[in-house]
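Worksheet: one structure, shown below.
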Amino acid sequence: HSIWFSSLADHGWPGLLMFMGIFGWTWFKLSAVIRRHKKDDAQWLNELARMLQVCLVAYFVGGSFLSLAYFDLPWHFMAIALILERESQKICAGKKSPVAANAGQPALEQEFSQPLRT
């Protein structure tokens with residue numbers, strides 16, 4: 001038995017395709033984080049995304065020989081991947097914002113360096 005046949009037997013073809021689609025989406029999101037942070041200050045995002053991909057590969061290989069379809073650890077990996085993607089977006093958005101450009105200034109100077117809104 002394997003995760004693939006177990007999912008197919010329990011949920012049919014639509015369930016297997018959804019199961020594989022969720023893993024494909026997770027892999028795609030992790031690949032985007034890896035590409036986004038190849039050479040910048042947030043190198044830890046790149047390394048964590050790579051290691052999560054290694055964990056998913058280990059799950060795919062182990063699951064191909066064992067019945068691990070309802071093992072909860074890969075779902076935790078997916079949740080971590082989602083959080084990692086959100087952190088990556090926040091960091092990238094912070095690089096482009098005008099407030100981040102004034103990051104070396106004290107908070108009070110940052111507040112007054114912004115134009116007044118009427």
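Within each chain, counting starts at residue 1; across the structure tokens, chains are named A, B, ... in the order shown, with ligands numbered 1 upward in that order.
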
Compile the contact shell of A:Met78 as a count of residues only: residues with an atom at most 8 Å away, counting only C-alpha atoms, same-chain residues fewer than 3 positions apart removed. 6

If you run DSSP on the backbone here, which positions in stretch 35-68 of chain A get helix (DSSP H, G or I)? Please write them as a PyMOL selection string. chain A and resi 35-36+43-65

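Proximity ranking of A:His1, A:Arg50, A:Lys95, A:His76 relative to A:Phe28 places A:Arg50 first, based on only C-alpha atoms.
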
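Nearest-residue note for A:Glu47: choosing from A:Cys92, A:Leu66, A:Ala79, A:Leu84, the minimum distance belongs to A:Leu84, counting only C-alpha atoms.
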
Nearest to A:Phe60, chosen from A:Ser88, A:Leu45, A:Ile3, A:Gly21, with only C-alpha atoms counted in the distances: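 Closest to A:Phe60, using only C-alpha atoms: A:Ile3.
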
Show which residues sit within 10 Å of A:Tyr59, as a ChimeraX atom specification. Count only C-alpha atoms, and ignore same-chain residues fewer than 3 positions away. /A:3,53-56,62-64,66,68-69,71,73-74

Take atom CA of A:Leu8 and atom CA of A:Met20 and report the distance between them in Å, one decimal.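 These two atoms are separated by 10.7 Å.
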
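Straight-line separation from atom CA of A:Glu85 to atom CA of A:Arg36: 10.1 Å.
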
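Shortest separation to A:Met51 among A:Lys39, A:Trp27, A:Ser7, A:Phe65 occurs at residue A:Trp27, atoms counted being only C-alpha atoms.
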
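Minimum atom-to-atom distances from A:Ile83, A:Ser2, A:Leu48, A:Phe77 to A:Ile22 were compared using only C-alpha atoms, and the lowest value belongs to A:Phe77.
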
Choose the residue, out of A:Glu87, A:Gly24, A:His11, A:Ala42, that has the smallest atom-to-atom separation from A:Val57; count only C-alpha atoms.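 Of all the options, A:Gly24 lies closest to A:Val57.
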